[in-house]
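S.K.: Sharing upload27.cif here; it has mmCIF, N, CA and C atoms and all ligand atoms.
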data_model
#
loop_
_atom_site.group_PDB
_atom_site.id
_atom_site.type_symbol
_atom_site.label_atom_id
_atom_site.label_comp_id
_atom_site.auth_asym_id
_atom_site.auth_seq_id
_atom_site.Cartn_x
_atom_site.Cartn_y
_atom_site.Cartn_z
ATOM 1 N N MET A 1 27.943 3.221 -21.470
ATOM 2 C CA MET A 1 27.450 2.358 -22.536
ATOM 3 C C MET A 1 25.940 2.511 -22.654
ATOM 4 N N THR A 2 25.490 2.690 -23.849
ATOM 5 C CA THR A 2 24.058 2.835 -24.082
ATOM 6 C C THR A 2 23.499 1.549 -24.694
ATOM 7 N N ILE A 3 22.463 1.058 -24.078
ATOM 8 C CA ILE A 3 21.789 -0.104 -24.666
ATOM 9 C C ILE A 3 20.669 0.423 -25.525
ATOM 10 N N GLU A 4 20.685 0.046 -26.775
ATOM 11 C CA GLU A 4 19.659 0.546 -27.666
ATOM 12 C C GLU A 4 18.398 -0.301 -27.534
ATOM 13 N N ALA A 5 17.302 0.382 -27.355
ATOM 14 C CA ALA A 5 16.034 -0.331 -27.233
ATOM 15 C C ALA A 5 15.544 -0.684 -28.626
ATOM 16 N N PRO A 6 14.968 -1.865 -28.767
ATOM 17 C CA PRO A 6 14.409 -2.226 -30.071
ATOM 18 C C PRO A 6 13.178 -1.395 -30.361
ATOM 19 N N GLN A 7 12.911 -1.190 -31.623
ATOM 20 C CA GLN A 7 11.692 -0.504 -32.036
ATOM 21 C C GLN A 7 10.494 -1.325 -31.576
ATOM 22 N N LEU A 8 9.503 -0.650 -31.042
ATOM 23 C CA LEU A 8 8.305 -1.373 -30.622
ATOM 24 C C LEU A 8 7.445 -1.670 -31.841
ATOM 25 N N ARG A 9 7.225 -2.946 -32.075
ATOM 26 C CA ARG A 9 6.375 -3.354 -33.186
ATOM 27 C C ARG A 9 5.356 -4.353 -32.668
ATOM 28 N N VAL A 10 4.144 -4.242 -33.154
ATOM 29 C CA VAL A 10 3.105 -5.185 -32.743
ATOM 30 C C VAL A 10 3.541 -6.602 -33.095
ATOM 31 N N GLY A 11 3.413 -7.496 -32.132
ATOM 32 C CA GLY A 11 3.802 -8.886 -32.346
ATOM 33 C C GLY A 11 5.216 -9.187 -31.914
ATOM 34 N N GLU A 12 5.998 -8.141 -31.633
ATOM 35 C CA GLU A 12 7.385 -8.317 -31.209
ATOM 36 C C GLU A 12 7.428 -8.900 -29.799
ATOM 37 N N GLN A 13 8.290 -9.877 -29.608
ATOM 38 C CA GLN A 13 8.493 -10.446 -28.269
ATOM 39 C C GLN A 13 9.664 -9.746 -27.621
ATOM 40 N N LEU A 14 9.433 -9.240 -26.412
ATOM 41 C CA LEU A 14 10.491 -8.561 -25.673
ATOM 42 C C LEU A 14 10.740 -9.302 -24.372
ATOM 43 N N ALA A 15 11.985 -9.251 -23.935
ATOM 44 C CA ALA A 15 12.347 -9.943 -22.700
ATOM 45 C C ALA A 15 13.217 -9.028 -21.858
ATOM 46 N N CYS A 16 13.068 -9.173 -20.545
ATOM 47 C CA CYS A 16 13.858 -8.381 -19.607
ATOM 48 C C CYS A 16 15.196 -9.079 -19.371
ATOM 49 N N PRO A 17 16.307 -8.329 -19.441
ATOM 50 C CA PRO A 17 17.610 -8.961 -19.221
ATOM 51 C C PRO A 17 17.919 -9.245 -17.756
ATOM 52 N N THR A 18 17.138 -8.698 -16.829
ATOM 53 C CA THR A 18 17.484 -8.869 -15.419
ATOM 54 C C THR A 18 16.466 -9.674 -14.608
ATOM 55 N N CYS A 19 15.342 -10.027 -15.187
ATOM 56 C CA CYS A 19 14.416 -10.937 -14.521
ATOM 57 C C CYS A 19 13.740 -11.783 -15.584
ATOM 58 N N SER A 20 12.731 -12.551 -15.197
ATOM 59 C CA SER A 20 12.158 -13.528 -16.129
ATOM 60 C C SER A 20 10.976 -12.994 -16.929
ATOM 61 N N THR A 21 10.714 -11.691 -16.837
ATOM 62 C CA THR A 21 9.575 -11.107 -17.549
ATOM 63 C C THR A 21 9.740 -11.207 -19.064
ATOM 64 N N LYS A 22 8.663 -11.635 -19.716
ATOM 65 C CA LYS A 22 8.595 -11.594 -21.177
ATOM 66 C C LYS A 22 7.243 -11.012 -21.552
ATOM 67 N N VAL A 23 7.232 -10.218 -22.617
ATOM 68 C CA VAL A 23 5.983 -9.634 -23.081
ATOM 69 C C VAL A 23 5.918 -9.701 -24.602
ATOM 70 N N VAL A 24 4.704 -9.597 -25.112
ATOM 71 C CA VAL A 24 4.482 -9.408 -26.540
ATOM 72 C C VAL A 24 3.825 -8.044 -26.706
ATOM 73 N N VAL A 25 4.279 -7.292 -27.703
ATOM 74 C CA VAL A 25 3.690 -5.984 -27.971
ATOM 75 C C VAL A 25 2.340 -6.194 -28.648
ATOM 76 N N VAL A 26 1.287 -5.671 -28.007
ATOM 77 C CA VAL A 26 -0.066 -5.795 -28.550
ATOM 78 C C VAL A 26 -0.445 -4.528 -29.301
ATOM 79 N N LYS A 27 0.048 -3.398 -28.788
ATOM 80 C CA LYS A 27 -0.294 -2.116 -29.395
ATOM 81 C C LYS A 27 0.900 -1.190 -29.225
ATOM 82 N N ALA A 28 1.276 -0.515 -30.282
ATOM 83 C CA ALA A 28 2.386 0.428 -30.223
ATOM 84 C C ALA A 28 2.010 1.652 -31.041
ATOM 85 N N GLY A 29 1.725 2.735 -30.362
ATOM 86 C CA GLY A 29 1.367 3.979 -31.041
ATOM 87 C C GLY A 29 2.617 4.704 -31.503
ATOM 88 N N GLN A 30 2.591 6.018 -31.421
ATOM 89 C CA GLN A 30 3.739 6.832 -31.833
ATOM 90 C C GLN A 30 4.785 6.801 -30.731
ATOM 91 N N VAL A 31 5.679 5.856 -30.801
ATOM 92 C CA VAL A 31 6.602 5.657 -29.694
ATOM 93 C C VAL A 31 8.034 5.485 -30.189
ATOM 94 N N ASP A 32 8.432 6.289 -31.147
ATOM 95 C CA ASP A 32 9.722 6.105 -31.798
ATOM 96 C C ASP A 32 10.904 5.978 -30.855
ATOM 97 N N ASP A 33 10.970 6.848 -29.854
ATOM 98 C CA ASP A 33 12.204 6.848 -29.085
ATOM 99 C C ASP A 33 11.976 6.685 -27.583
ATOM 100 N N ILE A 34 10.885 6.087 -27.220
ATOM 101 C CA ILE A 34 10.655 5.825 -25.812
ATOM 102 C C ILE A 34 10.665 4.319 -25.605
ATOM 103 N N SER A 35 11.430 3.890 -24.639
ATOM 104 C CA SER A 35 11.583 2.455 -24.465
ATOM 105 C C SER A 35 10.802 1.947 -23.261
ATOM 106 N N VAL A 36 10.502 0.669 -23.314
ATOM 107 C CA VAL A 36 9.871 -0.006 -22.191
ATOM 108 C C VAL A 36 10.977 -0.545 -21.304
ATOM 109 N N THR A 37 10.844 -0.307 -20.023
ATOM 110 C CA THR A 37 11.836 -0.813 -19.083
ATOM 111 C C THR A 37 11.159 -1.699 -18.037
ATOM 112 N N CYS A 38 11.973 -2.498 -17.393
ATOM 113 C CA CYS A 38 11.509 -3.379 -16.326
ATOM 114 C C CYS A 38 12.485 -3.176 -15.176
ATOM 115 N N ASP A 39 12.020 -2.531 -14.111
ATOM 116 C CA ASP A 39 12.905 -2.134 -13.007
ATOM 117 C C ASP A 39 14.156 -1.424 -13.520
ATOM 118 N N GLY A 40 13.968 -0.586 -14.519
ATOM 119 C CA GLY A 40 15.081 0.220 -15.027
ATOM 120 C C GLY A 40 15.884 -0.415 -16.141
ATOM 121 N N ALA A 41 15.677 -1.693 -16.398
ATOM 122 C CA ALA A 41 16.402 -2.368 -17.475
ATOM 123 C C ALA A 41 15.570 -2.301 -18.750
ATOM 124 N N VAL A 42 16.193 -1.887 -19.843
ATOM 125 C CA VAL A 42 15.477 -1.771 -21.108
ATOM 126 C C VAL A 42 15.152 -3.167 -21.641
ATOM 127 N N LEU A 43 13.895 -3.381 -21.973
ATOM 128 C CA LEU A 43 13.505 -4.672 -22.544
ATOM 129 C C LEU A 43 14.156 -4.830 -23.912
ATOM 130 N N GLN A 44 14.615 -6.036 -24.171
ATOM 131 C CA GLN A 44 15.314 -6.335 -25.414
ATOM 132 C C GLN A 44 14.506 -7.335 -26.218
ATOM 133 N N SER A 45 14.811 -7.401 -27.512
ATOM 134 C CA SER A 45 14.204 -8.421 -28.344
ATOM 135 C C SER A 45 14.455 -9.788 -27.701
ATOM 136 N N ALA A 46 13.394 -10.594 -27.597
ATOM 137 C CA ALA A 46 13.506 -11.871 -26.874
ATOM 138 C C ALA A 46 14.557 -12.785 -27.484
ATOM 139 N N LYS A 47 14.819 -12.603 -28.776
ATOM 140 C CA LYS A 47 15.804 -13.449 -29.444
ATOM 141 C C LYS A 47 17.227 -13.138 -28.992
ATOM 142 N N SER A 48 17.445 -11.900 -28.509
ATOM 143 C CA SER A 48 18.815 -11.460 -28.270
ATOM 144 C C SER A 48 19.164 -11.353 -26.795
ATOM 145 N N VAL A 49 18.314 -11.892 -25.948
ATOM 146 C CA VAL A 49 18.566 -11.733 -24.520
ATOM 147 C C VAL A 49 18.600 -13.098 -23.822
ATOM 148 N N THR A 50 19.508 -13.216 -22.883
ATOM 149 C CA THR A 50 19.556 -14.411 -22.042
ATOM 150 C C THR A 50 19.055 -14.016 -20.671
ATOM 151 N N GLN A 51 17.961 -14.626 -20.253
ATOM 152 C CA GLN A 51 17.343 -14.225 -18.996
ATOM 153 C C GLN A 51 17.816 -15.080 -17.845
ATOM 154 N N PRO A 52 17.866 -14.500 -16.658
ATOM 155 C CA PRO A 52 18.168 -15.293 -15.470
ATOM 156 C C PRO A 52 16.993 -16.208 -15.137
ATOM 157 N N ALA A 53 17.233 -17.230 -14.373
ATOM 158 C CA ALA A 53 16.154 -18.118 -13.943
ATOM 159 C C ALA A 53 15.203 -17.335 -13.044
ATOM 160 N N PRO A 54 13.919 -17.703 -13.046
ATOM 161 C CA PRO A 54 12.972 -17.022 -12.158
ATOM 162 C C PRO A 54 13.463 -17.050 -10.717
ATOM 163 N N ALA A 55 13.304 -15.921 -10.031
ATOM 164 C CA ALA A 55 13.900 -15.767 -8.707
ATOM 165 C C ALA A 55 13.088 -16.445 -7.609
ATOM 166 N N GLY A 56 11.864 -16.808 -7.906
ATOM 167 C CA GLY A 56 11.038 -17.412 -6.879
ATOM 168 C C GLY A 56 10.312 -16.389 -6.024
ATOM 169 N N ALA A 57 10.641 -15.125 -6.231
ATOM 170 C CA ALA A 57 9.933 -14.064 -5.518
ATOM 171 C C ALA A 57 8.539 -13.924 -6.123
ATOM 172 N N THR A 58 7.643 -13.318 -5.388
ATOM 173 C CA THR A 58 6.317 -13.066 -5.923
ATOM 174 C C THR A 58 6.446 -12.139 -7.126
ATOM 175 N N PRO A 59 5.999 -12.579 -8.301
ATOM 176 C CA PRO A 59 6.157 -11.725 -9.471
ATOM 177 C C PRO A 59 5.246 -10.502 -9.390
ATOM 178 N N SER A 60 5.725 -9.374 -9.894
ATOM 179 C CA SER A 60 4.860 -8.202 -9.947
ATOM 180 C C SER A 60 4.326 -7.992 -11.353
ATOM 181 N N THR A 61 4.902 -8.695 -12.319
ATOM 182 C CA THR A 61 4.367 -8.682 -13.682
ATOM 183 C C THR A 61 3.869 -10.100 -13.953
ATOM 184 N N LEU A 62 2.596 -10.216 -14.256
ATOM 185 C CA LEU A 62 1.943 -11.528 -14.245
ATOM 186 C C LEU A 62 1.579 -12.024 -15.632
ATOM 187 N N ILE A 63 1.859 -13.286 -15.868
ATOM 188 C CA ILE A 63 1.564 -13.914 -17.154
ATOM 189 C C ILE A 63 0.066 -13.817 -17.456
ATOM 190 N N GLY A 64 -0.229 -13.503 -18.712
ATOM 191 C CA GLY A 64 -1.622 -13.442 -19.145
ATOM 192 C C GLY A 64 -2.277 -12.093 -18.938
ATOM 193 N N LYS A 65 -1.569 -11.184 -18.224
ATOM 194 C CA LYS A 65 -2.146 -9.860 -17.975
ATOM 195 C C LYS A 65 -1.649 -8.869 -19.036
ATOM 196 N N ARG A 66 -2.458 -7.875 -19.269
ATOM 197 C CA ARG A 66 -2.093 -6.820 -20.216
ATOM 198 C C ARG A 66 -1.715 -5.570 -19.440
ATOM 199 N N TYR A 67 -0.663 -4.914 -19.905
ATOM 200 C CA TYR A 67 -0.160 -3.713 -19.247
ATOM 201 C C TYR A 67 -0.178 -2.562 -20.246
ATOM 202 N N VAL A 68 -0.623 -1.412 -19.772
ATOM 203 C CA VAL A 68 -0.726 -0.237 -20.631
ATOM 204 C C VAL A 68 -0.056 0.956 -19.950
ATOM 205 N N ASP A 69 0.360 1.924 -20.780
ATOM 206 C CA ASP A 69 0.838 3.185 -20.222
ATOM 207 C C ASP A 69 -0.380 4.066 -19.966
ATOM 208 N N ALA A 70 -0.147 5.238 -19.394
ATOM 209 C CA ALA A 70 -1.257 6.097 -18.952
ATOM 210 C C ALA A 70 -2.198 6.458 -20.101
ATOM 211 N N ASP A 71 -1.647 6.660 -21.307
ATOM 212 C CA ASP A 71 -2.483 7.058 -22.444
ATOM 213 C C ASP A 71 -2.927 5.867 -23.293
ATOM 214 N N GLU A 72 -2.557 4.669 -22.866
ATOM 215 C CA GLU A 72 -2.816 3.458 -23.642
ATOM 216 C C GLU A 72 -2.249 3.572 -25.048
ATOM 217 N N THR A 73 -1.084 4.217 -25.151
ATOM 218 C CA THR A 73 -0.375 4.275 -26.426
ATOM 219 C C THR A 73 0.261 2.926 -26.709
ATOM 220 N N VAL A 74 0.721 2.309 -25.628
ATOM 221 C CA VAL A 74 1.417 1.029 -25.726
ATOM 222 C C VAL A 74 0.702 0.018 -24.856
ATOM 223 N N GLU A 75 0.514 -1.170 -25.416
ATOM 224 C CA GLU A 75 -0.094 -2.245 -24.642
ATOM 225 C C GLU A 75 0.764 -3.487 -24.810
ATOM 226 N N LEU A 76 1.077 -4.114 -23.691
ATOM 227 C CA LEU A 76 1.918 -5.305 -23.691
ATOM 228 C C LEU A 76 1.156 -6.450 -23.049
ATOM 229 N N LEU A 77 1.322 -7.635 -23.612
ATOM 230 C CA LEU A 77 0.749 -8.838 -23.007
ATOM 231 C C LEU A 77 1.896 -9.634 -22.413
ATOM 232 N N CYS A 78 1.801 -9.892 -21.129
ATOM 233 C CA CYS A 78 2.863 -10.626 -20.446
ATOM 234 C C CYS A 78 2.776 -12.113 -20.802
ATOM 235 N N THR A 79 3.889 -12.683 -21.261
ATOM 236 C CA THR A 79 3.907 -14.107 -21.619
ATOM 237 C C THR A 79 4.777 -14.915 -20.671
ATOM 238 N N ALA A 80 5.477 -14.237 -19.764
ATOM 239 C CA ALA A 80 6.212 -14.924 -18.702
ATOM 240 C C ALA A 80 6.306 -13.974 -17.518
ATOM 241 N N SER A 81 5.890 -14.443 -16.352
ATOM 242 C CA SER A 81 5.892 -13.589 -15.164
ATOM 243 C C SER A 81 7.315 -13.248 -14.749
ATOM 244 N N GLY A 82 7.448 -12.090 -14.109
ATOM 245 C CA GLY A 82 8.757 -11.691 -13.612
ATOM 246 C C GLY A 82 8.625 -10.780 -12.414
ATOM 247 N N SER A 83 9.731 -10.571 -11.731
ATOM 248 C CA SER A 83 9.692 -9.799 -10.493
ATOM 249 C C SER A 83 9.747 -8.295 -10.731
ATOM 250 N N GLY A 84 10.109 -7.880 -11.936
ATOM 251 C CA GLY A 84 10.268 -6.457 -12.208
ATOM 252 C C GLY A 84 8.951 -5.767 -12.506
ATOM 253 N N GLN A 85 8.994 -4.443 -12.413
ATOM 254 C CA GLN A 85 7.826 -3.610 -12.706
ATOM 255 C C GLN A 85 8.052 -2.942 -14.059
ATOM 256 N N LEU A 86 7.100 -3.110 -14.979
ATOM 257 C CA LEU A 86 7.225 -2.513 -16.309
ATOM 258 C C LEU A 86 6.967 -1.015 -16.253
ATOM 259 N N SER A 87 7.793 -0.268 -16.987
ATOM 260 C CA SER A 87 7.580 1.171 -17.113
ATOM 261 C C SER A 87 7.700 1.562 -18.569
ATOM 262 N N PHE A 88 7.057 2.653 -18.912
ATOM 263 C CA PHE A 88 7.136 3.182 -20.266
ATOM 264 C C PHE A 88 7.364 4.677 -20.162
ATOM 265 N N GLY A 89 8.434 5.154 -20.780
ATOM 266 C CA GLY A 89 8.753 6.570 -20.703
ATOM 267 C C GLY A 89 8.945 7.042 -19.276
ATOM 268 N N GLY A 90 9.408 6.161 -18.392
ATOM 269 C CA GLY A 90 9.706 6.535 -17.021
ATOM 270 C C GLY A 90 8.528 6.444 -16.072
ATOM 271 N N THR A 91 7.365 6.047 -16.594
ATOM 272 C CA THR A 91 6.177 5.941 -15.744
ATOM 273 C C THR A 91 5.740 4.473 -15.673
ATOM 274 N N ALA A 92 5.408 4.025 -14.494
ATOM 275 C CA ALA A 92 4.999 2.635 -14.321
ATOM 276 C C ALA A 92 3.774 2.326 -15.174
ATOM 277 N N MET A 93 3.814 1.180 -15.835
ATOM 278 C CA MET A 93 2.654 0.740 -16.603
ATOM 279 C C MET A 93 1.676 0.076 -15.648
ATOM 280 N N THR A 94 0.406 0.128 -16.000
ATOM 281 C CA THR A 94 -0.614 -0.409 -15.108
ATOM 282 C C THR A 94 -1.367 -1.537 -15.787
ATOM 283 N N LEU A 95 -1.971 -2.369 -14.967
ATOM 284 C CA LEU A 95 -2.810 -3.433 -15.485
ATOM 285 C C LEU A 95 -3.955 -2.825 -16.273
ATOM 286 N N LYS A 96 -4.195 -3.379 -17.437
ATOM 287 C CA LYS A 96 -5.308 -2.865 -18.224
ATOM 288 C C LYS A 96 -6.611 -3.300 -17.578
ATOM 289 N N ALA A 97 -7.460 -2.322 -17.296
ATOM 290 C CA ALA A 97 -8.747 -2.634 -16.679
ATOM 291 C C ALA A 97 -9.678 -3.196 -17.734
ATOM 292 N N ALA A 98 -10.468 -4.159 -17.332
ATOM 293 C CA ALA A 98 -11.471 -4.684 -18.259
ATOM 294 C C ALA A 98 -12.437 -3.555 -18.585
ATOM 295 N N LYS A 99 -12.841 -3.527 -19.838
ATOM 296 C CA LYS A 99 -13.787 -2.486 -20.249
ATOM 297 C C LYS A 99 -15.086 -2.629 -19.451
ATOM 298 N N ALA A 100 -15.501 -1.523 -18.867
ATOM 299 C CA ALA A 100 -16.732 -1.571 -18.083
ATOM 300 C C ALA A 100 -17.925 -1.750 -19.021
ATOM 301 N N LEU A 101 -18.812 -2.627 -18.643
ATOM 302 C CA LEU A 101 -20.013 -2.820 -19.454
ATOM 303 C C LEU A 101 -20.973 -1.664 -19.189
ATOM 304 N N PRO A 102 -21.748 -1.314 -20.189
ATOM 305 C CA PRO A 102 -22.733 -0.243 -19.957
ATOM 306 C C PRO A 102 -23.686 -0.651 -18.834
ATOM 307 N N ALA A 103 -24.010 0.301 -17.999
ATOM 308 C CA ALA A 103 -24.927 0.008 -16.895
ATOM 309 C C ALA A 103 -26.276 -0.380 -17.483
ATOM 310 N N SER A 104 -26.894 -1.372 -16.877
ATOM 311 C CA SER A 104 -28.154 -1.854 -17.446
ATOM 312 C C SER A 104 -29.357 -1.392 -16.629
ATOM 313 N N ASP A 105 -29.091 -0.575 -15.616
ATOM 314 C CA ASP A 105 -30.237 -0.177 -14.787
ATOM 315 C C ASP A 105 -30.751 1.225 -15.067
HETATM 316 ZN ZN ZN A 201 12.658 -7.409 -15.330
#
Please rewrite the model in this file as structure tokens.

M.R.:
Amino acid sequence: MTIEAPQLRVGEQLACPTCSTKVVVVKAGQVDDISVTCDGAVLQSAKSVTQPAPAGATPSTLIGKRYVDADETVELLCTASGSGQLSFGGTAMTLKAAKALPASD
């Protein structure tokens, strides 16, 4: 059985079917057929998914943090923490680093 991933659209709310992670798409470049996964589970439109209760484990995806893929093609804002690790195109997404300020010295 194939679970079809929703098209990534800016402003779209996505939810993980296997943990409590929720994200909002902040940036979606040319990503027609690559899906965002959370510990291997394809994120689904938040409207169409029923999530399990938070497990109480230390979350690895944290509310309020932004996650990007290696090329920053896709950026997600976490709106609910979860225990899963977000991946895009099979590669783990990383916390977006704050833009470094120009050195003043
Ligand atoms: Zn998850």

S.K.: Please write the residues picked by the PyMOL selection byres (((chain A and resi 47) around 8) and not hetatm) on this file as a PyMOL selection string.

M.R.: chain A and resi 13-15+44-46+48-50

S.K.: Would you save the residues of that selection, restricted to N, CA and C atoms, as a compact mmCIF listing (two decimals), in the coordinates of the input?

M.R.:
# COMPACT_ATOMS: atom_id res chain seq x y z
N GLN A 13 8.29 -9.88 -29.61
CA GLN A 13 8.49 -10.45 -28.27
C GLN A 13 9.66 -9.75 -27.62
N LEU A 14 9.43 -9.24 -26.41
CA LEU A 14 10.49 -8.56 -25.67
C LEU A 14 10.74 -9.30 -24.37
N ALA A 15 11.98 -9.25 -23.94
CA ALA A 15 12.35 -9.94 -22.70
C ALA A 15 13.22 -9.03 -21.86
N GLN A 44 14.62 -6.04 -24.17
CA GLN A 44 15.31 -6.34 -25.41
C GLN A 44 14.51 -7.34 -26.22
N SER A 45 14.81 -7.40 -27.51
CA SER A 45 14.20 -8.42 -28.34
C SER A 45 14.46 -9.79 -27.70
N ALA A 46 13.39 -10.59 -27.60
CA ALA A 46 13.51 -11.87 -26.87
C ALA A 46 14.56 -12.78 -27.48
N SER A 48 17.44 -11.90 -28.51
CA SER A 48 18.82 -11.46 -28.27
C SER A 48 19.16 -11.35 -26.80
N VAL A 49 18.31 -11.89 -25.95
CA VAL A 49 18.57 -11.73 -24.52
C VAL A 49 18.60 -13.10 -23.82
N THR A 50 19.51 -13.22 -22.88
CA THR A 50 19.56 -14.41 -22.04
C THR A 50 19.06 -14.02 -20.67

S.K.: Which residues, written as a ChimeraX atom specification, have at least one atom at most 6.5 Å from Ser35 in chain A, with only N, CA and C atoms counted and residues fewer than 4 positions away on the same chain left out?

M.R.: /A:5,42-43,87-89

S.K.: Expand the PyMOL selection byres (((chain A and resi 12) around 6) and not hetatm) into the individual residues it matches in the shown file, reporting them as a ChimeraX atom specification.

M.R.: /A:9-11,13-14,23-25

S.K.: Separation of atom N of Arg66 in chain A and CA of Gln85 in chain A, in Å?

M.R.: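 Those two atoms sit 12.9 Å apart.
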
S.K.: Counting only C-alpha atoms, note down every residue that has an atom within 12 Å of the point (-0.2, -9.2, -10.0) (file coordinates), as a compact mmCIF listing (two decimals) with N, CA and C atoms, in the coordinates of the input.

M.R.:
# COMPACT_ATOMS: atom_id res chain seq x y z
N THR A 58 7.64 -13.32 -5.39
CA THR A 58 6.32 -13.07 -5.92
C THR A 58 6.45 -12.14 -7.13
N PRO A 59 6.00 -12.58 -8.30
CA PRO A 59 6.16 -11.72 -9.47
C PRO A 59 5.25 -10.50 -9.39
N SER A 60 5.72 -9.37 -9.89
CA SER A 60 4.86 -8.20 -9.95
C SER A 60 4.33 -7.99 -11.35
N THR A 61 4.90 -8.70 -12.32
CA THR A 61 4.37 -8.68 -13.68
C THR A 61 3.87 -10.10 -13.95
N LEU A 62 2.60 -10.22 -14.26
CA LEU A 62 1.94 -11.53 -14.24
C LEU A 62 1.58 -12.02 -15.63
N ILE A 63 1.86 -13.29 -15.87
CA ILE A 63 1.56 -13.91 -17.15
C ILE A 63 0.07 -13.82 -17.46
N GLY A 64 -0.23 -13.50 -18.71
CA GLY A 64 -1.62 -13.44 -19.14
C GLY A 64 -2.28 -12.09 -18.94
N LYS A 65 -1.57 -11.18 -18.22
CA LYS A 65 -2.15 -9.86 -17.98
C LYS A 65 -1.65 -8.87 -19.04
N ARG A 66 -2.46 -7.88 -19.27
CA ARG A 66 -2.09 -6.82 -20.22
C ARG A 66 -1.72 -5.57 -19.44
N TYR A 67 -0.66 -4.91 -19.90
CA TYR A 67 -0.16 -3.71 -19.25
C TYR A 67 -0.18 -2.56 -20.25
N CYS A 78 1.80 -9.89 -21.13
CA CYS A 78 2.86 -10.63 -20.45
C CYS A 78 2.78 -12.11 -20.80
N SER A 81 5.89 -14.44 -16.35
CA SER A 81 5.89 -13.59 -15.16
C SER A 81 7.32 -13.25 -14.75
N GLY A 82 7.45 -12.09 -14.11
CA GLY A 82 8.76 -11.69 -13.61
C GLY A 82 8.62 -10.78 -12.41
N SER A 83 9.73 -10.57 -11.73
CA SER A 83 9.69 -9.80 -10.49
C SER A 83 9.75 -8.30 -10.73
N GLY A 84 10.11 -7.88 -11.94
CA GLY A 84 10.27 -6.46 -12.21
C GLY A 84 8.95 -5.77 -12.51
N GLN A 85 8.99 -4.44 -12.41
CA GLN A 85 7.83 -3.61 -12.71
C GLN A 85 8.05 -2.94 -14.06
N LEU A 86 7.10 -3.11 -14.98
CA LEU A 86 7.22 -2.51 -16.31
C LEU A 86 6.97 -1.01 -16.25
N THR A 94 0.41 0.13 -16.00
CA THR A 94 -0.61 -0.41 -15.11
C THR A 94 -1.37 -1.54 -15.79
N LEU A 95 -1.97 -2.37 -14.97
CA LEU A 95 -2.81 -3.43 -15.48
C LEU A 95 -3.96 -2.82 -16.27
N LYS A 96 -4.20 -3.38 -17.44
CA LYS A 96 -5.31 -2.86 -18.22
C LYS A 96 -6.61 -3.30 -17.58

S.K.: Using the chain letters and residue numbers of this document, give as an NGL selection string the residues selected by the PyMOL selection byres (((not hetatm)) within 5 of (chain A and resi 201)).

M.R.: :A and (16 or 18-19 or 21 or 38 or 84)

S.K.: Would you save the residues from that selection as a PDB file, in the coordinates of the input, using N, CA and C atoms?

M.R.:
ATOM      1  N   CYS A  16      13.068  -9.173 -20.545  1.00  0.00           N
ATOM      2  CA  CYS A  16      13.858  -8.381 -19.607  1.00  0.00           C
ATOM      3  C   CYS A  16      15.196  -9.079 -19.371  1.00  0.00           C
ATOM      4  N   THR A  18      17.138  -8.698 -16.829  1.00  0.00           N
ATOM      5  CA  THR A  18      17.484  -8.869 -15.419  1.00  0.00           C
ATOM      6  C   THR A  18      16.466  -9.674 -14.608  1.00  0.00           C
ATOM      7  N   CYS A  19      15.342 -10.027 -15.187  1.00  0.00           N
ATOM      8  CA  CYS A  19      14.416 -10.937 -14.521  1.00  0.00           C
ATOM      9  C   CYS A  19      13.740 -11.783 -15.584  1.00  0.00           C
ATOM     10  N   THR A  21      10.714 -11.691 -16.837  1.00  0.00           N
ATOM     11  CA  THR A  21       9.575 -11.107 -17.549  1.00  0.00           C
ATOM     12  C   THR A  21       9.740 -11.207 -19.064  1.00  0.00           C
ATOM     13  N   CYS A  38      11.973  -2.498 -17.393  1.00  0.00           N
ATOM     14  CA  CYS A  38      11.509  -3.379 -16.326  1.00  0.00           C
ATOM     15  C   CYS A  38      12.485  -3.176 -15.176  1.00  0.00           C
ATOM     16  N   GLY A  84      10.109  -7.880 -11.936  1.00  0.00           N
ATOM     17  CA  GLY A  84      10.268  -6.457 -12.208  1.00  0.00           C
ATOM     18  C   GLY A  84       8.951  -5.767 -12.506  1.00  0.00           C
TER      19      GLY A  84
END

S.K.: What is the CA of Ala80 in chain A to CA of Ser20 in chain A distance in Å?

M.R.: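 Between these atoms lies a distance of 6.6 Å.
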
S.K.: From the options A:Ala53, A:Asp105, A:Met93, A:Thr73, which residue's atoms come nearest to Val26 in chain A, counting all atoms listed in the file?

M.R.: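 Once distances to Val26 in chain A are computed over all atoms listed in the file, the minimum belongs to A:Thr73.
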
S.K.: Just to confirm, what's the straight-line distance from CA of Val36 in chain A to CA of Pro52 in chain A in Å (one decimal)?

M.R.: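 CA of Pro52 in chain A lies at a distance of 18.6 Å from CA of Val36 in chain A.
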
S.K.: As a ChimeraX atom specification, please: every residue in range 15-67 of chain A that DSSP puts in strand (DSSP E or B).

M.R.: /A:15,22-28,36-38,41-42,44-45,61,66-67

S.K.: Identify which of the residues A:Val68, A:Gly90, A:Leu8, A:Ala55 lies closest to Thr37 in chain A, counting all atoms listed in the file when measuring atom-to-atom distances.

M.R.: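 Under the stated criterion, the closest residue is A:Gly90.
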